[in-house]
>>> print(open('entry_29.tsv').read())   # TSV, C-alpha atoms
chain	number	residue	atom	x	y	z
O	116	MET	CA	6.58	-208.40	32.10
O	117	ALA	CA	3.27	-208.60	30.24
O	118	VAL	CA	3.40	-205.15	28.65
O	119	ALA	CA	6.16	-204.13	26.23
O	120	LYS	CA	8.64	-201.64	27.70
O	121	LYS	CA	8.08	-199.27	24.77
O	122	ILE	CA	4.36	-199.18	25.52
O	123	GLN	CA	5.04	-198.48	29.18
O	124	ASP	CA	7.31	-195.61	28.19
O	125	PHE	CA	4.77	-194.24	25.72
O	126	ALA	CA	1.98	-194.48	28.28
O	127	SER	CA	4.00	-192.37	30.71
O	128	GLN	CA	4.69	-189.77	28.01
O	129	SER	CA	1.04	-189.49	26.98
O	130	SER	CA	-0.45	-189.44	30.44
O	131	TRP	CA	-0.74	-185.73	31.24
O	132	ILE	CA	-4.19	-185.04	29.77
O	133	ARG	CA	-5.53	-188.35	31.09
O	134	LYS	CA	-3.86	-187.81	34.45
O	135	MET	CA	-5.29	-184.32	34.88
O	136	PHE	CA	-8.72	-185.53	33.80
O	137	GLU	CA	-8.66	-188.33	36.38
O	138	GLU	CA	-7.45	-186.00	39.12
O	139	GLY	CA	-10.20	-183.62	38.11
O	140	LEU	CA	-12.80	-186.31	38.76
O	141	ILE	CA	-11.48	-186.63	42.32
O	142	LEU	CA	-11.61	-182.87	42.83
O	143	LYS	CA	-15.18	-182.71	41.49
O	144	GLN	CA	-16.26	-185.37	43.95
O	145	LYS	CA	-14.61	-183.46	46.77
O	146	TYR	CA	-15.64	-179.87	45.93
O	147	GLY	CA	-18.58	-180.31	43.53
O	148	ALA	CA	-18.31	-180.14	39.75
O	149	GLU	CA	-19.37	-176.50	39.67
O	150	ASN	CA	-16.38	-175.56	41.82
O	151	VAL	CA	-13.73	-177.25	39.66
O	152	PHE	CA	-12.53	-175.37	36.58
O	153	ASP	CA	-11.45	-177.92	34.00
O	154	PHE	CA	-9.51	-176.66	30.96
O	155	THR	CA	-7.86	-179.97	30.07
O	156	LEU	CA	-9.87	-181.56	27.26
O	157	GLY	CA	-10.49	-180.26	23.76
O	158	ASN	CA	-14.02	-181.61	23.90
O	159	PRO	CA	-16.37	-179.17	22.10
O	160	ASN	CA	-19.06	-177.81	24.40
O	161	ILE	CA	-21.01	-176.01	21.67
O	162	PRO	CA	-23.80	-178.26	20.34
O	163	PRO	CA	-23.84	-179.39	16.71
O	164	PRO	CA	-25.67	-177.13	14.25
O	165	PRO	CA	-29.45	-177.68	14.32
O	166	GLU	CA	-29.28	-179.04	10.78
O	167	PHE	CA	-27.37	-182.06	12.06
O	168	LYS	CA	-30.29	-183.38	14.11
O	169	LYS	CA	-32.66	-182.87	11.17
O	170	VAL	CA	-30.32	-184.74	8.84
O	171	LEU	CA	-30.13	-187.67	11.26
O	172	GLN	CA	-33.90	-187.80	11.63
O	173	ASN	CA	-34.39	-187.69	7.85
O	174	LEU	CA	-31.90	-190.50	7.34
O	175	LEU	CA	-33.66	-192.68	9.89
O	176	ASP	CA	-36.95	-192.15	8.09
O	177	GLU	CA	-35.61	-193.01	4.64
O	178	GLU	CA	-35.46	-196.48	3.13
O	179	ILE	CA	-31.85	-196.70	1.95
O	180	PRO	CA	-30.67	-200.11	0.65
O	181	ASN	CA	-27.79	-201.58	2.64
O	182	MET	CA	-28.05	-198.60	5.00
O	183	HIS	CA	-25.61	-200.00	7.56
O	184	GLY	CA	-23.64	-202.43	5.44
O	185	TYR	CA	-20.07	-202.59	4.21
O	186	MET	CA	-19.00	-200.17	1.52
O	187	PRO	CA	-15.86	-199.63	-0.58
O	188	ASN	CA	-12.79	-199.16	1.63
O	189	VAL	CA	-12.49	-195.53	0.56
O	190	GLY	CA	-16.12	-194.70	1.40
O	191	TYR	CA	-19.38	-193.98	-0.40
O	192	ASP	CA	-19.14	-192.36	-3.83
O	193	ASP	CA	-21.67	-189.64	-3.07
O	194	THR	CA	-19.94	-188.78	0.21
O	195	ARG	CA	-16.54	-188.49	-1.44
O	196	THR	CA	-18.04	-186.43	-4.25
O	197	ALA	CA	-19.60	-184.00	-1.76
O	198	VAL	CA	-16.39	-183.69	0.29
O	199	ALA	CA	-14.29	-183.12	-2.84
O	200	ALA	CA	-16.67	-180.43	-4.10
O	201	CYS	CA	-16.55	-178.56	-0.79
O	202	ILE	CA	-12.74	-178.60	-0.62
O	203	ARG	CA	-12.46	-177.71	-4.32
O	204	ALA	CA	-14.61	-174.62	-3.82
O	205	ALA	CA	-12.93	-173.51	-0.60
O	206	GLN	CA	-9.29	-174.19	-1.48
O	207	ASN	CA	-9.14	-174.07	-5.28
O	208	VAL	CA	-7.71	-177.57	-5.55
O	209	PRO	CA	-9.01	-179.67	-8.50
O	210	LEU	CA	-10.30	-182.52	-6.36
O	211	GLU	CA	-12.73	-185.22	-7.44
O	212	LYS	CA	-14.07	-188.16	-5.48
O	213	GLU	CA	-11.05	-190.24	-6.58
O	214	HIS	CA	-8.83	-188.03	-4.41
O	215	ILE	CA	-10.82	-188.59	-1.20
O	216	VAL	CA	-10.68	-191.43	1.32
O	217	MET	CA	-13.25	-191.39	4.14
O	218	THR	CA	-11.68	-192.32	7.50
O	219	CYS	CA	-12.35	-192.82	11.19
O	220	GLY	CA	-11.57	-189.22	12.11
O	221	ALA	CA	-8.37	-187.28	11.46
O	222	ALA	CA	-6.43	-189.58	13.79
O	223	GLY	CA	-7.37	-192.58	11.66
O	224	ALA	CA	-6.52	-190.60	8.54
O	225	LEU	CA	-3.02	-189.71	9.78
O	226	ASN	CA	-2.29	-193.28	10.88
O	227	VAL	CA	-3.34	-194.63	7.49
O	228	ALA	CA	-1.27	-192.06	5.57
O	229	LEU	CA	1.85	-192.56	7.67
O	230	LYS	CA	1.63	-196.35	7.35
O	231	VAL	CA	1.44	-196.04	3.58
O	232	ILE	CA	4.29	-193.57	2.99
O	233	LEU	CA	6.88	-194.56	5.64
O	234	ASP	CA	9.52	-197.22	5.48
O	235	PRO	CA	11.08	-198.27	8.80
O	236	LEU	CA	13.15	-195.48	10.40
O	237	ASP	CA	12.04	-192.86	7.88
O	238	GLU	CA	12.03	-189.45	9.57
O	239	VAL	CA	8.98	-187.23	10.00
O	240	ILE	CA	9.58	-183.59	10.91
O	241	VAL	CA	7.12	-182.01	13.35
O	242	PRO	CA	7.27	-178.35	14.43
O	243	SER	CA	7.04	-177.96	18.20
O	244	PRO	CA	4.83	-177.33	20.19
O	245	PHE	CA	2.85	-180.19	18.67
O	246	PHE	CA	-0.12	-182.47	19.28
O	247	MET	CA	1.39	-185.12	21.53
O	248	GLU	CA	-0.15	-188.13	19.76
O	249	TYR	CA	1.87	-187.53	16.58
O	250	ARG	CA	4.77	-189.25	18.34
O	251	PHE	CA	2.74	-192.45	18.60
O	252	TYR	CA	1.18	-192.26	15.13
O	253	ILE	CA	4.66	-192.03	13.62
O	254	ASP	CA	5.90	-194.92	15.75
O	255	ASN	CA	2.89	-196.98	14.64
O	256	ALA	CA	4.35	-196.75	11.13
O	257	ASN	CA	7.89	-197.54	12.38
O	258	GLY	CA	9.03	-194.00	11.66
O	259	LYS	CA	11.10	-191.57	13.70
O	260	MET	CA	9.81	-188.18	14.82
O	261	ILE	CA	12.14	-185.19	14.52
O	262	LEU	CA	10.98	-182.18	16.56
O	263	VAL	CA	11.90	-178.70	15.34
O	264	PRO	CA	11.21	-175.68	17.58
O	265	THR	CA	9.16	-172.81	16.23
O	266	LYS	CA	9.82	-169.12	16.79
O	267	GLU	CA	8.69	-167.27	19.91
O	268	ASP	CA	5.37	-166.37	18.24
O	269	PHE	CA	4.97	-170.06	17.21
O	270	SER	CA	5.55	-169.33	13.51
O	271	LEU	CA	7.73	-171.66	11.44
O	272	ASP	CA	11.48	-171.24	11.85
O	273	MET	CA	12.61	-171.80	8.25
O	274	GLU	CA	16.29	-172.00	9.11
O	275	ALA	CA	15.68	-174.65	11.77
O	276	MET	CA	13.36	-176.58	9.46
O	277	GLU	CA	15.94	-176.60	6.66
O	278	LYS	CA	18.64	-177.88	9.01
O	279	ALA	CA	16.34	-180.69	10.17
O	280	ILE	CA	15.62	-182.01	6.66
O	281	THR	CA	17.98	-184.83	5.70
O	282	GLU	CA	18.06	-187.63	3.15
O	283	LYS	CA	16.11	-189.69	5.72
O	284	THR	CA	13.22	-187.20	5.80
O	285	LYS	CA	10.07	-188.70	4.29
O	286	ALA	CA	7.37	-186.35	5.55
O	287	VAL	CA	6.54	-183.20	7.48
O	288	ILE	CA	3.40	-182.77	9.58
O	289	LEU	CA	1.89	-179.27	9.82
O	290	THR	CA	-1.21	-178.29	11.79
O	291	SER	CA	-2.91	-174.96	11.09
O	292	PRO	CA	-4.70	-173.71	13.16
O	293	ASN	CA	-2.34	-175.40	15.55
O	294	ASN	CA	-3.07	-177.52	18.60
O	295	PRO	CA	-1.91	-176.44	21.20
O	296	THR	CA	-0.94	-172.86	20.16
O	297	GLY	CA	-3.81	-171.68	17.95
O	298	LYS	CA	-1.25	-170.38	15.44
O	299	ILE	CA	-2.19	-170.06	11.75
O	300	TYR	CA	0.70	-170.23	9.28
O	301	ASP	CA	0.53	-167.35	6.78
O	302	ALA	CA	0.63	-167.71	3.00
O	303	SER	CA	4.17	-166.36	2.64
O	304	SER	CA	5.53	-168.88	5.15
O	305	LEU	CA	3.81	-171.75	3.38
O	306	ALA	CA	5.10	-170.63	-0.02
O	307	ALA	CA	8.64	-170.42	1.35
O	308	PHE	CA	8.32	-173.82	2.97
O	309	ALA	CA	6.94	-175.41	-0.22
O	310	ALA	CA	9.91	-174.00	-2.13
O	311	LEU	CA	12.25	-175.45	0.50
O	312	LEU	CA	10.66	-178.90	0.19
O	313	GLN	CA	10.92	-178.80	-3.60
O	314	LYS	CA	14.60	-177.91	-3.33
O	315	LYS	CA	15.19	-180.80	-0.94
O	316	ASN	CA	13.27	-183.20	-3.21
O	317	GLU	CA	15.71	-182.39	-6.00
O	318	GLU	CA	18.72	-182.52	-3.69
O	319	TYR	CA	17.92	-185.96	-2.25
O	320	GLY	CA	16.21	-187.48	-5.28
O	321	HIS	CA	13.02	-188.53	-3.51
O	322	THR	CA	9.70	-186.97	-2.54
O	323	ILE	CA	9.15	-185.46	0.89
O	324	TYR	CA	5.43	-185.57	1.62
O	325	LEU	CA	3.58	-182.83	3.46
O	326	LEU	CA	0.89	-184.17	5.80
O	327	VAL	CA	-1.48	-181.49	7.05
O	328	ASP	CA	-3.76	-182.05	10.03
O	329	GLU	CA	-6.72	-179.68	9.69
O	330	PRO	CA	-9.61	-180.46	12.06
O	331	TYR	CA	-9.69	-176.80	13.19
O	332	ARG	CA	-9.55	-175.25	9.73
O	333	GLU	CA	-12.95	-173.56	10.04
O	334	ILE	CA	-12.49	-172.46	13.68
O	335	VAL	CA	-10.71	-169.15	13.10
O	336	PHE	CA	-11.16	-165.66	14.52
O	337	ASP	CA	-10.87	-161.96	13.66
O	338	GLY	CA	-11.41	-162.43	9.93
O	339	ILE	CA	-8.11	-164.27	9.47
O	340	GLN	CA	-7.96	-166.43	6.36
O	341	VAL	CA	-6.40	-169.88	6.59
O	342	PRO	CA	-4.21	-170.41	3.51
O	343	SER	CA	-4.67	-173.74	1.78
O	344	LEU	CA	-1.89	-176.10	2.78
O	345	LEU	CA	-3.27	-178.68	0.35
O	346	ASN	CA	-2.84	-176.18	-2.49
O	347	SER	CA	0.57	-174.95	-1.30
O	348	TYR	CA	2.58	-178.01	-2.34
O	349	PRO	CA	1.86	-180.76	-4.91
O	350	HIS	CA	2.98	-183.66	-2.70
O	351	CYS	CA	0.45	-182.89	0.01
O	352	ILE	CA	-2.07	-185.06	1.87
O	353	SER	CA	-4.68	-183.40	4.07
O	354	ALA	CA	-6.23	-185.16	7.06
O	355	SER	CA	-9.32	-183.63	8.58
O	356	SER	CA	-12.50	-184.46	10.46
O	357	TYR	CA	-15.89	-183.13	11.45
O	358	SER	CA	-15.17	-183.54	15.17
O	359	LYS	CA	-14.63	-179.83	15.83
O	360	THR	CA	-16.47	-178.16	12.96
O	361	LEU	CA	-19.71	-180.05	13.70
O	362	SER	CA	-19.03	-180.81	17.40
O	363	ILE	CA	-19.26	-184.58	16.88
O	364	PRO	CA	-15.86	-185.95	18.03
O	365	GLY	CA	-17.39	-189.18	19.31
O	366	GLU	CA	-18.75	-190.08	15.87
O	367	ARG	CA	-15.24	-190.58	14.42
O	368	ILE	CA	-15.79	-189.32	10.89
O	369	GLY	CA	-13.04	-187.73	8.81
O	370	TYR	CA	-11.19	-187.97	5.53
O	371	LEU	CA	-7.93	-187.87	3.62
O	372	ALA	CA	-7.70	-185.49	0.65
O	373	VAL	CA	-4.80	-186.01	-1.76
O	374	ASN	CA	-3.43	-183.35	-4.09
O	375	PRO	CA	-3.93	-184.78	-7.62
O	376	ALA	CA	-0.37	-183.77	-8.55
O	377	ILE	CA	1.20	-185.91	-5.82
O	378	ASP	CA	4.06	-188.25	-6.63
O	379	ASP	CA	3.20	-191.92	-7.34
O	380	TYR	CA	-0.52	-191.11	-7.20
O	381	LYS	CA	-1.98	-194.51	-8.17
O	382	ASN	CA	0.16	-196.57	-5.81
O	383	LEU	CA	-0.47	-194.08	-3.03
O	384	MET	CA	-4.27	-194.23	-3.43
O	385	ASP	CA	-4.17	-198.04	-3.63
O	386	GLY	CA	-2.17	-198.10	-0.41
O	387	LEU	CA	-4.54	-195.72	1.36
O	388	ALA	CA	-7.54	-197.85	0.34
O	389	LEU	CA	-5.82	-200.99	1.61
O	390	TYR	CA	-4.63	-199.64	4.94
O	391	ASN	CA	-7.90	-197.88	5.66
O	392	ARG	CA	-9.14	-201.44	6.14
O	393	VAL	CA	-6.26	-203.58	7.37
O	394	LEU	CA	-5.19	-201.24	10.19
O	395	GLY	CA	-8.51	-202.16	11.77
O	396	PHE	CA	-10.51	-199.02	10.98
O	397	VAL	CA	-12.22	-201.08	8.18
O	398	ASN	CA	-14.38	-198.16	6.97
O	399	ALA	CA	-15.52	-194.78	8.16
O	400	PRO	CA	-18.89	-195.20	9.94
O	401	ALA	CA	-21.65	-195.71	7.39
O	402	PHE	CA	-24.36	-193.63	9.06
O	403	MET	CA	-22.02	-190.68	9.65
O	404	GLN	CA	-20.82	-190.79	6.05
O	405	ARG	CA	-24.42	-190.43	4.90
O	406	ALA	CA	-24.97	-187.60	7.39
O	407	ILE	CA	-21.96	-185.46	6.52
O	408	THR	CA	-22.75	-185.85	2.82
O	409	ARG	CA	-25.66	-183.51	3.56
O	410	MET	CA	-23.72	-181.24	5.95
O	411	GLN	CA	-21.01	-179.85	3.68
O	412	GLY	CA	-20.32	-176.15	4.31
O	413	ILE	CA	-22.28	-176.14	7.58
O	414	TYR	CA	-20.34	-175.47	10.79
O	415	VAL	CA	-20.82	-174.71	14.46
O	416	ASP	CA	-21.20	-171.10	15.56
O	417	VAL	CA	-17.54	-170.06	15.68
O	418	GLU	CA	-18.44	-166.69	17.23
O	419	GLN	CA	-19.19	-168.53	20.46
O	420	TYR	CA	-15.59	-169.79	20.58
O	421	LYS	CA	-14.32	-166.29	19.79
O	422	ARG	CA	-16.30	-164.94	22.74
O	423	LYS	CA	-14.84	-167.60	25.01
O	424	ARG	CA	-11.32	-166.89	23.73
O	425	ASP	CA	-11.71	-163.17	24.39
O	426	LEU	CA	-13.23	-163.79	27.82
O	427	LEU	CA	-10.28	-165.98	28.81
O	428	CYS	CA	-7.54	-163.83	27.27
O	429	GLU	CA	-8.87	-160.52	28.58
O	430	GLY	CA	-9.36	-161.98	32.03
O	431	LEU	CA	-5.83	-163.37	32.17
O	432	LEU	CA	-4.30	-160.18	30.77
O	433	ALA	CA	-6.12	-158.14	33.41
O	434	VAL	CA	-4.55	-160.13	36.23
O	435	GLY	CA	-1.04	-159.99	34.78
O	436	TYR	CA	-0.41	-163.01	32.51
O	437	ASP	CA	1.64	-162.89	29.29
O	438	ILE	CA	-0.75	-163.76	26.44
O	439	LYS	CA	-0.32	-164.71	22.80
O	440	LYS	CA	-3.91	-164.61	21.63
O	441	PRO	CA	-4.70	-167.68	19.50
O	442	GLU	CA	-5.79	-167.05	15.92
O	443	GLY	CA	-7.81	-170.26	15.66
O	444	ALA	CA	-8.77	-173.57	17.30
O	445	PHE	CA	-9.93	-173.41	20.94
O	446	TYR	CA	-6.72	-173.54	22.96
O	447	LEU	CA	-4.57	-170.94	24.67
O	448	PHE	CA	-0.91	-171.87	25.11
O	449	LEU	CA	-0.17	-169.73	28.13
O	450	LYS	CA	3.34	-168.80	29.26
O	451	THR	CA	3.92	-169.70	32.90
O	452	PRO	CA	5.60	-167.28	35.34
O	453	ILE	CA	8.12	-169.99	36.28
O	454	GLU	CA	10.08	-172.39	34.10
O	455	ASP	CA	8.58	-175.47	35.77
O	456	ASP	CA	5.18	-175.73	34.07
O	457	VAL	CA	4.35	-178.92	36.00
O	458	ALA	CA	4.84	-177.11	39.30
O	459	PHE	CA	2.61	-174.29	38.08
O	460	VAL	CA	-0.09	-176.76	37.04
O	461	ARG	CA	0.07	-178.24	40.56
O	462	ALA	CA	-0.27	-174.76	42.06
O	463	LEU	CA	-3.36	-174.07	39.94
O	464	GLN	CA	-4.78	-177.42	40.96
O	465	LYS	CA	-4.75	-176.33	44.59
O	466	ARG	CA	-7.31	-173.73	43.53
O	467	GLN	CA	-9.38	-176.32	41.61
O	468	ILE	CA	-8.08	-175.18	38.21
O	469	LEU	CA	-7.09	-177.99	35.83
O	470	ALA	CA	-4.62	-177.36	33.00
O	471	VAL	CA	-2.14	-179.44	30.98
O	472	PRO	CA	1.63	-178.84	31.25
O	473	GLY	CA	3.20	-177.55	28.05
O	474	GLN	CA	6.08	-180.01	28.23
O	475	GLY	CA	3.68	-182.74	27.08
O	476	PHE	CA	3.31	-180.77	23.82
O	477	GLY	CA	7.01	-180.04	23.47
O	478	GLY	CA	6.55	-176.54	24.88
O	479	PRO	CA	7.88	-176.38	28.44
O	480	GLY	CA	7.27	-173.18	30.34
O	481	HIS	CA	3.66	-173.08	29.11
O	482	ILE	CA	0.32	-174.63	29.92
O	483	ARG	CA	-2.51	-175.49	27.54
O	484	LEU	CA	-5.97	-174.20	28.40
O	485	ALA	CA	-8.90	-175.51	26.36
O	486	PHE	CA	-11.53	-172.77	26.29
O	487	CYS	CA	-14.28	-174.94	24.80
O	488	VAL	CA	-15.97	-174.75	28.21
O	489	ASP	CA	-18.89	-172.96	29.83
O	490	ASP	CA	-18.40	-169.21	30.22
O	491	ALA	CA	-18.88	-169.61	33.97
O	492	THR	CA	-15.86	-171.94	34.11
O	493	ILE	CA	-13.74	-169.14	32.65
O	494	THR	CA	-15.06	-166.28	34.76
O	495	ARG	CA	-15.16	-168.16	38.06
O	496	ALA	CA	-11.58	-169.41	37.58
O	497	MET	CA	-10.11	-165.91	37.32
O	498	ASP	CA	-9.65	-165.37	41.05
O	499	GLY	CA	-7.69	-168.62	41.24
O	500	PHE	CA	-5.54	-167.67	38.24
O	501	ALA	CA	-4.83	-164.28	39.82
O	502	ALA	CA	-3.98	-165.69	43.24
O	503	THR	CA	-1.68	-168.35	41.78
O	504	LEU	CA	0.20	-165.79	39.69
O	505	LYS	CA	0.55	-163.58	42.75
O	506	ASP	CA	2.22	-166.46	44.60
O	507	TYR	CA	5.09	-166.29	42.10
O	508	ARG	CA	5.40	-162.51	41.94
>>> encode(input="entry_29.tsv", output="structure tokens")
Amino acid sequence: MAVAKKIQDFASQSSWIRKMFEEGLILKQKYGAENVFDFTLGNPNIPPPPEFKKVLQNLLDEEIPNMHGYMPNVGYDDTRTAVAACIRAAQNVPLEKEHIVMTCGAAGALNVALKVILDPLDEVIVPSPFFMEYRFYIDNANGKMILVPTKEDFSLDMEAMEKAITEKTKAVILTSPNNPTGKIYDASSLAAFAALLQKKNEEYGHTIYLLVDEPYREIVFDGIQVPSLLNSYPHCISASSYSKTLSIPGERIGYLAVNPAIDDYKNLMDGLALYNRVLGFVNAPAFMQRAITRMQGIYVDVEQYKRKRDLLCEGLLAVGYDIKKPEGAFYLFLKTPIEDDVAFVRALQKRQILAVPGQGFGGPGHIRLAFCVDDATITRAMDGFAATLKDYR
């Protein structure tokens, strides 16, 4: 066998989004792309802010020494300074450039951080539903993922989280706004959880790190404020990217931000600098670092995502679905009328609607719908959603 059994198993676990995407291509060839309603991929369909194109044009016109050359592993000084200043102002965390590592997106950031903090078989707690690739990032660092269910409204279940923390726990990953649920953890929950982690640190005699994955931090609705996870707990590392906030996921530009009060700060930063290179990422892309240096505090038009969310939620409510309206990000985690979410996805597919089963995110009995799509995709899919629901009523 040429491929390791573990990789074969992982490939089967991660295949739902890819599988639905590939089946969608077949449907689009058969029925025409305009007649297939694809809600599978979280690929932003709102263009980048107009300033982004101007910044790129200006950079191309400038004579910058070593424009496309190697740089320090952690990134350019001016880029890190700009990122630190933006986070400092928004989240009231005393960050300087020394606390920032530029990375190849948030995925690269999380892989680097996990590799640095985990010893083999260390446990990482992840509330469920969760972004399915965390399982593989943790395994990349030889760790073990421990899933903990959230409450019915997708908020943190403190009792379940406390029971899951053991002397083997090395880290917890939180995502707010969450993918796939759109849930934002409130300030009181984060304060309670930080207190719990501090208690467990003292009980077990070692630090439990909090890794926060925040690529959707600025995509929030209805005036809701996203509390600072980075500021909620001293031993916190934030991973983020510009993929969603600037609609540039293919450019792979992100960062790690480290709370200055974190345990073993110097060794941690040295490790992050080393593994940002030796894991194969080498450096965050040079041109994109220079671009986002000039794009701090500029985001896509979030009101467009709010309109799409409301269009989808109101349409589904009108035909009889049970909705928990997402507070942020651009996903709806929809409860299915039957327990078998895979069967329901197949039923929707017969009406050219593509969704992802919730079981792939640790949330069976749900489907994930990405509403970062054309408005027409949402409105024209409603008859199919209604007819499929009716089949099970």
>>> residues_around(input="entry_29.tsv", residues="Phe136 of chain O", least_positions_apart="3", cutoff="9 Å", atoms="all atoms listed in the file", output="ChimeraX atom specification")
/O:131-133,139-140,153,155-156,469
>>> closest_atom_pairs(input="entry_29.tsv", of="segment 304-400 of chain O", to="segment 267-290 of chain O", cutoff="6 Å", atoms="all atoms listed in the file", output="tab-separated table")
residue	atom	partner	partner_atom	distance
O:Tyr319	CA	O:Glu282	CA	5.7
O:Ile323	CA	O:Lys285	CA	4.8
O:Tyr324	CA	O:Ala286	CA	4.5
O:Leu325	CA	O:Val287	CA	5.0
O:Leu326	CA	O:Ile288	CA	4.7
O:Val327	CA	O:Leu289	CA	4.9
O:Asp328	CA	O:Thr290	CA	4.9
>>> closest_residue(input="entry_29.tsv", among="O:Glu211, O:Asp254, O:Asp337, O:Asp237", to="Pro375 of chain O", atoms="only C-alpha atoms")
O:Glu211
>>> atom_distance(input="entry_29.tsv", atom1="atom CA of Ser291 of chain O", atom2="atom CA of Pro235 of chain O")
27.3 Å
>>> residues_around(input="entry_29.tsv", residues="Arg483 of chain O", least_positions_apart="3", cutoff="9 Å", atoms="all atoms listed in the file", output="CSV table (one decimal) with C-alpha atoms, in the frame of the given file")
chain,number,residue,atom,x,y,z
O,154,PHE,CA,-9.5,-176.7,31.0
O,155,THR,CA,-7.9,-180.0,30.1
O,295,PRO,CA,-1.9,-176.4,21.2
O,296,THR,CA,-0.9,-172.9,20.2
O,446,TYR,CA,-6.7,-173.5,23.0
O,447,LEU,CA,-4.6,-170.9,24.7
O,448,PHE,CA,-0.9,-171.9,25.1
O,449,LEU,CA,-0.2,-169.7,28.1
O,470,ALA,CA,-4.6,-177.4,33.0
O,471,VAL,CA,-2.1,-179.4,31.0
O,472,PRO,CA,1.6,-178.8,31.2
O,473,GLY,CA,3.2,-177.6,28.0
O,476,PHE,CA,3.3,-180.8,23.8
>>> closest_residue(input="entry_29.tsv", among="O:Tyr507, O:Ser358, O:Gln467, O:Met247", to="Gln144 of chain O", atoms="all atoms listed in the file")
O:Gln467
>>> atom_distance(input="entry_29.tsv", atom1="atom CA of Ala224 of chain O", atom2="atom CA of Glu318 of chain O")
29.2 Å
>>> decode(input="entry_29.tsv", residues="segment 223-235 of chain O", atoms="N, CA and C atoms", output="PDB file, in the first residue's frame")
ATOM      1  N   GLY O 223      -2.019  28.142   8.374  1.00  0.00           N
ATOM      2  CA  GLY O 223      -0.584  28.064   8.628  1.00  0.00           C
ATOM      3  C   GLY O 223      -0.260  28.490  10.050  1.00  0.00           C
ATOM      4  N   ALA O 224      -0.937  29.533  10.519  1.00  0.00           N
ATOM      5  CA  ALA O 224      -0.701  30.030  11.877  1.00  0.00           C
ATOM      6  C   ALA O 224      -1.017  28.962  12.921  1.00  0.00           C
ATOM      7  N   LEU O 225      -2.162  28.297  12.787  1.00  0.00           N
ATOM      8  CA  LEU O 225      -2.553  27.278  13.750  1.00  0.00           C
ATOM      9  C   LEU O 225      -1.598  26.086  13.718  1.00  0.00           C
ATOM     10  N   ASN O 226      -1.190  25.669  12.537  1.00  0.00           N
ATOM     11  CA  ASN O 226      -0.245  24.552  12.441  1.00  0.00           C
ATOM     12  C   ASN O 226       1.085  24.887  13.103  1.00  0.00           C
ATOM     13  N   VAL O 227       1.565  26.097  12.902  1.00  0.00           N
ATOM     14  CA  VAL O 227       2.820  26.513  13.520  1.00  0.00           C
ATOM     15  C   VAL O 227       2.672  26.518  15.040  1.00  0.00           C
ATOM     16  N   ALA O 228       1.600  27.126  15.540  1.00  0.00           N
ATOM     17  CA  ALA O 228       1.413  27.232  16.989  1.00  0.00           C
ATOM     18  C   ALA O 228       1.278  25.864  17.641  1.00  0.00           C
ATOM     19  N   LEU O 229       0.496  24.981  17.040  1.00  0.00           N
ATOM     20  CA  LEU O 229       0.313  23.650  17.619  1.00  0.00           C
ATOM     21  C   LEU O 229       1.619  22.862  17.626  1.00  0.00           C
ATOM     22  N   LYS O 230       2.403  22.987  16.572  1.00  0.00           N
ATOM     23  CA  LYS O 230       3.680  22.272  16.508  1.00  0.00           C
ATOM     24  C   LYS O 230       4.623  22.726  17.619  1.00  0.00           C
ATOM     25  N   VAL O 231       4.536  24.014  17.955  1.00  0.00           N
ATOM     26  CA  VAL O 231       5.447  24.569  18.947  1.00  0.00           C
ATOM     27  C   VAL O 231       5.033  24.200  20.374  1.00  0.00           C
ATOM     28  N   ILE O 232       3.745  24.150  20.662  1.00  0.00           N
ATOM     29  CA  ILE O 232       3.321  23.974  22.059  1.00  0.00           C
ATOM     30  C   ILE O 232       3.022  22.531  22.445  1.00  0.00           C
ATOM     31  N   LEU O 233       2.818  21.625  21.467  1.00  0.00           N
ATOM     32  CA  LEU O 233       2.401  20.263  21.803  1.00  0.00           C
ATOM     33  C   LEU O 233       3.573  19.298  21.851  1.00  0.00           C
ATOM     34  N   ASP O 234       3.571  18.483  22.896  1.00  0.00           N
ATOM     35  CA  ASP O 234       4.375  17.274  22.913  1.00  0.00           C
ATOM     36  C   ASP O 234       3.493  16.124  22.431  1.00  0.00           C
ATOM     37  N   PRO O 235       4.097  15.023  21.981  1.00  0.00           N
ATOM     38  CA  PRO O 235       3.291  13.897  21.493  1.00  0.00           C
ATOM     39  C   PRO O 235       2.237  13.455  22.509  1.00  0.00           C
TER      40      PRO O 235
END
